[in-house]
Amino acid sequence: MAQHRNALGRGLGSLIAMDDTPARGTTAINEIPLDRITPNPDQPRSSFDEEALDELASSIRELGIIQPISLRKTGPDSYQIIAGERRFRAASRAGLTTVPAYIRTASDSELTEMALIENIQREDLNPVEIALTFRKLIDQYSLTQEQLSERIGKKRATIANFLRLLNLPAQVQLGLTDGQIDFGHARALLSLDNPEDQLKVYREIVKHGLSVRKVEELVKAVQAGSAHTAPEKPTRRASHDYDILKKHLSASFQTPVRFSCNSQGRGHITFAFSSEEDLARLISIFDTLDKNAPANG
């Protein structure tokens, strides 16, 4: 683990894209009253976790808002959110009367585009929300995928891959939104033309915690008509040991931990975090563990 020391040591700002400098069209950070701010009706993010909002509100009470939100002026004394609605909501819960903000210049036609880009930079959107916003931009402004690619700085193939997610069954899209599967799983499922087959493999992913590579193998088996390739369940003893390990990690890191393992002993350990501050806390723990690890050789 020592070889990753420098990456962890750089902290949160080096691991997720955070806009710590004034954005284009701004000159300073302003304190704006909450009652003069309204949400963006075209906000790409469609869901806000209530528990996560409460946790962020608690952090804001202690530390304040670390990253200013982005607003555009809509009147002499009124503003609309471009990016940062989660922080805006949490600030209200925390009892703040003002929030730090950058005031940016944006027309109606630029607002959704700017909100999308800033949310992607902060990794605030799930893949389905990104796909839906790409579709909205294309439809609303009569753009081709190539034109959208040029405007937001994403490869056309990336945009096409996100848009294909909207062809998946609703249950699979919901699983992607809720974190039951990730983007790699979804891309593998898109190799199947039949929605029933997609749902069948999706349920196997959720049930057994399959890796993307295993899903790709399973997809090939389904395409070939092989029904015997479903993974074996771990033994009862192994399942018991995994449960103990999951509880131990959850308690040690004070966050929900998902643990999956197949019959060959391969699997994943996933640590959940509810906010940028919670992620920084986890990084700090890993960084401390790395500092205390004995040097090799």
# chains A, B, ... in the order shown; residues from 1 in each chain; ligands from 1
>>> residues_around(residues="region 183-200 of chain A", least_positions_apart="4", cutoff="12 Å", atoms="only C-alpha atoms", output="JSON, numbers by chain")
{"A": [126, 127, 128, 130, 131, 158, 160, 161, 162, 163, 164, 165, 166, 167, 168, 169, 170, 171, 172, 173, 174, 175, 176, 177, 178, 179, 204, 205, 206, 207, 209, 210, 211, 212, 213, 214, 215, 216, 217, 218, 219, 220, 221, 222, 223, 224, 225, 227, 230]}
>>> select_by_dssp(residues="region 37-195 of chain A", states="strand (DSSP E)", output="ChimeraX atom specification")
/A:37-38,69-75,78-83,98-104
>>> write_last_selection(atoms="C-alpha atoms", output="PDB file, in the first residue's frame")
ATOM      1  CA  ILE A  37     -32.220  31.993  -3.955  1.00  0.00           C
ATOM      2  CA  THR A  38     -34.457  29.625  -5.905  1.00  0.00           C
ATOM      3  CA  ILE A  69     -22.377  27.258  -4.654  1.00  0.00           C
ATOM      4  CA  SER A  70     -22.795  28.706  -8.155  1.00  0.00           C
ATOM      5  CA  LEU A  71     -25.663  31.104  -8.892  1.00  0.00           C
ATOM      6  CA  ARG A  72     -26.877  33.308 -11.706  1.00  0.00           C
ATOM      7  CA  LYS A  73     -28.678  36.582 -11.152  1.00  0.00           C
ATOM      8  CA  THR A  74     -32.315  36.571 -12.256  1.00  0.00           C
ATOM      9  CA  GLY A  75     -33.379  39.984 -10.948  1.00  0.00           C
ATOM     10  CA  SER A  78     -32.868  37.357  -6.800  1.00  0.00           C
ATOM     11  CA  TYR A  79     -30.724  34.405  -7.844  1.00  0.00           C
ATOM     12  CA  GLN A  80     -31.094  30.908  -9.290  1.00  0.00           C
ATOM     13  CA  ILE A  81     -28.902  27.903  -8.514  1.00  0.00           C
ATOM     14  CA  ILE A  82     -26.617  26.624 -11.257  1.00  0.00           C
ATOM     15  CA  ALA A  83     -24.815  24.051  -9.084  1.00  0.00           C
ATOM     16  CA  THR A  98     -26.716  33.155   3.939  1.00  0.00           C
ATOM     17  CA  VAL A  99     -24.461  30.968   1.792  1.00  0.00           C
ATOM     18  CA  PRO A 100     -21.160  31.721   0.030  1.00  0.00           C
ATOM     19  CA  ALA A 101     -21.644  31.804  -3.740  1.00  0.00           C
ATOM     20  CA  TYR A 102     -20.055  32.619  -7.067  1.00  0.00           C
ATOM     21  CA  ILE A 103     -22.317  34.728  -9.289  1.00  0.00           C
ATOM     22  CA  ARG A 104     -21.980  33.520 -12.871  1.00  0.00           C
TER      23      ARG A 104
END
>>> residues_around(residues="Phe253 (chain A)", least_positions_apart="5", cutoff="12 Å", atoms="only C-alpha atoms", output="ChimeraX atom specification")
/A:246-248,270-273,278-279,281-286,289
>>> write_last_selection(atoms="C-alpha atoms", output="JSON list (two decimals), in the first residue's frame")
[["chain", "number", "residue", "atom", "x", "y", "z"],
["A", 246, "LYS", "CA", -18.52, -6.68, 6.96],
["A", 247, "LYS", "CA", -19.72, -5.79, 10.49],
["A", 248, "HIS", "CA", -16.14, -5.26, 11.66],
["A", 270, "THR", "CA", -17.33, -1.16, -1.11],
["A", 271, "PHE", "CA", -17.28, 1.70, 1.40],
["A", 272, "ALA", "CA", -20.24, 4.10, 1.29],
["A", 273, "PHE", "CA", -19.90, 7.85, 1.87],
["A", 278, "ASP", "CA", -17.52, 12.03, 4.67],
["A", 279, "LEU", "CA", -15.26, 11.00, 1.78],
["A", 281, "ARG", "CA", -12.90, 11.47, 6.53],
["A", 282, "LEU", "CA", -12.47, 8.04, 4.92],
["A", 283, "ILE", "CA", -9.44, 9.21, 2.94],
["A", 284, "SER", "CA", -7.92, 10.49, 6.18],
["A", 285, "ILE", "CA", -8.40, 7.07, 7.80],
["A", 286, "PHE", "CA", -6.79, 5.27, 4.87],
["A", 289, "LEU", "CA", -3.32, 3.42, 8.01]]
>>> closest_residue(among="A:Thr144, A:Gly84, A:Arg258, A:Phe134", to="Pro39 (chain A)", atoms="only C-alpha atoms")
A:Gly84
>>> atom_distance(atom1="CA of Ala57 (chain A)", atom2="CA of Arg93 (chain A)")
5.9 Å
>>> residues_around(residues="Thr97 (chain A)", least_positions_apart="2", cutoff="10 Å", atoms="only C-alpha atoms", output="compact mmCIF listing (two decimals) with C-alpha atoms, in the first residue's frame")
# COMPACT_ATOMS: atom_id res chain seq x y z
CA GLU A 31 -22.65 35.95 0.82
CA ILE A 32 -26.19 35.60 -0.53
CA PRO A 33 -29.32 35.35 1.67
CA LEU A 34 -31.08 32.01 1.32
CA ASP A 35 -34.48 33.61 0.86
CA ALA A 91 -27.58 25.03 4.71
CA SER A 92 -31.28 25.71 5.20
CA ALA A 94 -28.52 23.84 9.41
CA GLY A 95 -30.22 27.18 10.12
CA VAL A 99 -24.46 30.97 1.79
>>> atom_distance(atom1="CA of Lys136 (chain A)", atom2="CA of Phe48 (chain A)")
20.1 Å
>>> atom_distance(atom1="CA of Gln180 (chain A)", atom2="CA of Ala280 (chain A)")
23.1 Å
>>> decode(residues="region 157-188 of chain A", atoms="N, CA and C atoms", output="PDB file, in the first residue's frame")
ATOM      1  N   ALA A 157     -18.225   9.257 -28.092  1.00  0.00           N
ATOM      2  CA  ALA A 157     -18.478   7.869 -27.699  1.00  0.00           C
ATOM      3  C   ALA A 157     -18.964   7.790 -26.249  1.00  0.00           C
ATOM      4  N   THR A 158     -18.425   8.654 -25.396  1.00  0.00           N
ATOM      5  CA  THR A 158     -18.866   8.684 -23.996  1.00  0.00           C
ATOM      6  C   THR A 158     -20.330   9.092 -23.913  1.00  0.00           C
ATOM      7  N   ILE A 159     -20.705  10.124 -24.651  1.00  0.00           N
ATOM      8  CA  ILE A 159     -22.099  10.570 -24.668  1.00  0.00           C
ATOM      9  C   ILE A 159     -23.005   9.463 -25.190  1.00  0.00           C
ATOM     10  N   ALA A 160     -22.585   8.792 -26.254  1.00  0.00           N
ATOM     11  CA  ALA A 160     -23.387   7.707 -26.829  1.00  0.00           C
ATOM     12  C   ALA A 160     -23.576   6.574 -25.824  1.00  0.00           C
ATOM     13  N   ASN A 161     -22.520   6.235 -25.075  1.00  0.00           N
ATOM     14  CA  ASN A 161     -22.624   5.161 -24.094  1.00  0.00           C
ATOM     15  C   ASN A 161     -23.600   5.514 -22.975  1.00  0.00           C
ATOM     16  N   PHE A 162     -23.585   6.781 -22.539  1.00  0.00           N
ATOM     17  CA  PHE A 162     -24.537   7.194 -21.511  1.00  0.00           C
ATOM     18  C   PHE A 162     -25.968   7.144 -22.050  1.00  0.00           C
ATOM     19  N   LEU A 163     -26.177   7.618 -23.258  1.00  0.00           N
ATOM     20  CA  LEU A 163     -27.523   7.630 -23.828  1.00  0.00           C
ATOM     21  C   LEU A 163     -28.077   6.221 -23.979  1.00  0.00           C
ATOM     22  N   ARG A 164     -27.229   5.256 -24.261  1.00  0.00           N
ATOM     23  CA  ARG A 164     -27.673   3.870 -24.408  1.00  0.00           C
ATOM     24  C   ARG A 164     -28.253   3.328 -23.104  1.00  0.00           C
ATOM     25  N   LEU A 165     -27.853   3.893 -21.969  1.00  0.00           N
ATOM     26  CA  LEU A 165     -28.388   3.438 -20.681  1.00  0.00           C
ATOM     27  C   LEU A 165     -29.905   3.607 -20.620  1.00  0.00           C
ATOM     28  N   LEU A 166     -30.427   4.581 -21.342  1.00  0.00           N
ATOM     29  CA  LEU A 166     -31.865   4.848 -21.316  1.00  0.00           C
ATOM     30  C   LEU A 166     -32.654   3.780 -22.048  1.00  0.00           C
ATOM     31  N   ASN A 167     -31.951   2.862 -22.732  1.00  0.00           N
ATOM     32  CA  ASN A 167     -32.618   1.745 -23.397  1.00  0.00           C
ATOM     33  C   ASN A 167     -32.767   0.530 -22.478  1.00  0.00           C
ATOM     34  N   LEU A 168     -32.147   0.578 -21.307  1.00  0.00           N
ATOM     35  CA  LEU A 168     -32.246  -0.536 -20.367  1.00  0.00           C
ATOM     36  C   LEU A 168     -33.628  -0.554 -19.703  1.00  0.00           C
ATOM     37  N   PRO A 169     -34.094  -1.729 -19.245  1.00  0.00           N
ATOM     38  CA  PRO A 169     -35.375  -1.794 -18.521  1.00  0.00           C
ATOM     39  C   PRO A 169     -35.371  -0.873 -17.308  1.00  0.00           C
ATOM     40  N   ALA A 170     -36.547  -0.412 -16.922  1.00  0.00           N
ATOM     41  CA  ALA A 170     -36.673   0.543 -15.815  1.00  0.00           C
ATOM     42  C   ALA A 170     -36.062  -0.001 -14.526  1.00  0.00           C
ATOM     43  N   GLN A 171     -36.233  -1.293 -14.266  1.00  0.00           N
ATOM     44  CA  GLN A 171     -35.691  -1.884 -13.041  1.00  0.00           C
ATOM     45  C   GLN A 171     -34.165  -1.797 -13.012  1.00  0.00           C
ATOM     46  N   VAL A 172     -33.547  -1.986 -14.170  1.00  0.00           N
ATOM     47  CA  VAL A 172     -32.084  -1.906 -14.251  1.00  0.00           C
ATOM     48  C   VAL A 172     -31.635  -0.452 -14.074  1.00  0.00           C
ATOM     49  N   GLN A 173     -32.349   0.482 -14.691  1.00  0.00           N
ATOM     50  CA  GLN A 173     -32.012   1.894 -14.522  1.00  0.00           C
ATOM     51  C   GLN A 173     -32.136   2.309 -13.061  1.00  0.00           C
ATOM     52  N   LEU A 174     -33.150   1.807 -12.373  1.00  0.00           N
ATOM     53  CA  LEU A 174     -33.320   2.119 -10.959  1.00  0.00           C
ATOM     54  C   LEU A 174     -32.165   1.546 -10.141  1.00  0.00           C
ATOM     55  N   GLY A 175     -31.736   0.319 -10.472  1.00  0.00           N
ATOM     56  CA  GLY A 175     -30.596  -0.283  -9.782  1.00  0.00           C
ATOM     57  C   GLY A 175     -29.319   0.509  -9.998  1.00  0.00           C
ATOM     58  N   LEU A 176     -29.157   1.069 -11.175  1.00  0.00           N
ATOM     59  CA  LEU A 176     -28.002   1.899 -11.475  1.00  0.00           C
ATOM     60  C   LEU A 176     -28.067   3.206 -10.686  1.00  0.00           C
ATOM     61  N   THR A 177     -29.259   3.763 -10.577  1.00  0.00           N
ATOM     62  CA  THR A 177     -29.456   4.988  -9.808  1.00  0.00           C
ATOM     63  C   THR A 177     -29.190   4.774  -8.325  1.00  0.00           C
ATOM     64  N   ASP A 178     -29.626   3.623  -7.804  1.00  0.00           N
ATOM     65  CA  ASP A 178     -29.495   3.322  -6.379  1.00  0.00           C
ATOM     66  C   ASP A 178     -28.142   2.735  -6.008  1.00  0.00           C
ATOM     67  N   GLY A 179     -27.285   2.489  -6.998  1.00  0.00           N
ATOM     68  CA  GLY A 179     -25.971   1.945  -6.695  1.00  0.00           C
ATOM     69  C   GLY A 179     -25.917   0.440  -6.555  1.00  0.00           C
ATOM     70  N   GLN A 180     -26.992  -0.260  -6.957  1.00  0.00           N
ATOM     71  CA  GLN A 180     -26.968  -1.717  -6.924  1.00  0.00           C
ATOM     72  C   GLN A 180     -25.969  -2.261  -7.951  1.00  0.00           C
ATOM     73  N   ILE A 181     -25.838  -1.556  -9.074  1.00  0.00           N
ATOM     74  CA  ILE A 181     -24.840  -1.887 -10.090  1.00  0.00           C
ATOM     75  C   ILE A 181     -24.139  -0.600 -10.477  1.00  0.00           C
ATOM     76  N   ASP A 182     -23.006  -0.720 -11.179  1.00  0.00           N
ATOM     77  CA  ASP A 182     -22.326   0.489 -11.625  1.00  0.00           C
ATOM     78  C   ASP A 182     -22.336   0.579 -13.144  1.00  0.00           C
ATOM     79  N   PHE A 183     -21.683   1.590 -13.664  1.00  0.00           N
ATOM     80  CA  PHE A 183     -21.716   1.864 -15.099  1.00  0.00           C
ATOM     81  C   PHE A 183     -21.136   0.699 -15.907  1.00  0.00           C
ATOM     82  N   GLY A 184     -20.083   0.066 -15.389  1.00  0.00           N
ATOM     83  CA  GLY A 184     -19.488  -1.073 -16.086  1.00  0.00           C
ATOM     84  C   GLY A 184     -20.449  -2.243 -16.218  1.00  0.00           C
ATOM     85  N   HIS A 185     -21.201  -2.531 -15.153  1.00  0.00           N
ATOM     86  CA  HIS A 185     -22.223  -3.584 -15.221  1.00  0.00           C
ATOM     87  C   HIS A 185     -23.257  -3.260 -16.292  1.00  0.00           C
ATOM     88  N   ALA A 186     -23.706  -1.986 -16.300  1.00  0.00           N
ATOM     89  CA  ALA A 186     -24.757  -1.578 -17.237  1.00  0.00           C
ATOM     90  C   ALA A 186     -24.275  -1.700 -18.684  1.00  0.00           C
ATOM     91  N   ARG A 187     -23.045  -1.318 -18.943  1.00  0.00           N
ATOM     92  CA  ARG A 187     -22.510  -1.437 -20.298  1.00  0.00           C
ATOM     93  C   ARG A 187     -22.475  -2.892 -20.750  1.00  0.00           C
ATOM     94  N   ALA A 188     -22.128  -3.786 -19.822  1.00  0.00           N
ATOM     95  CA  ALA A 188     -22.113  -5.211 -20.170  1.00  0.00           C
ATOM     96  C   ALA A 188     -23.519  -5.697 -20.502  1.00  0.00           C
TER      97      ALA A 188
END
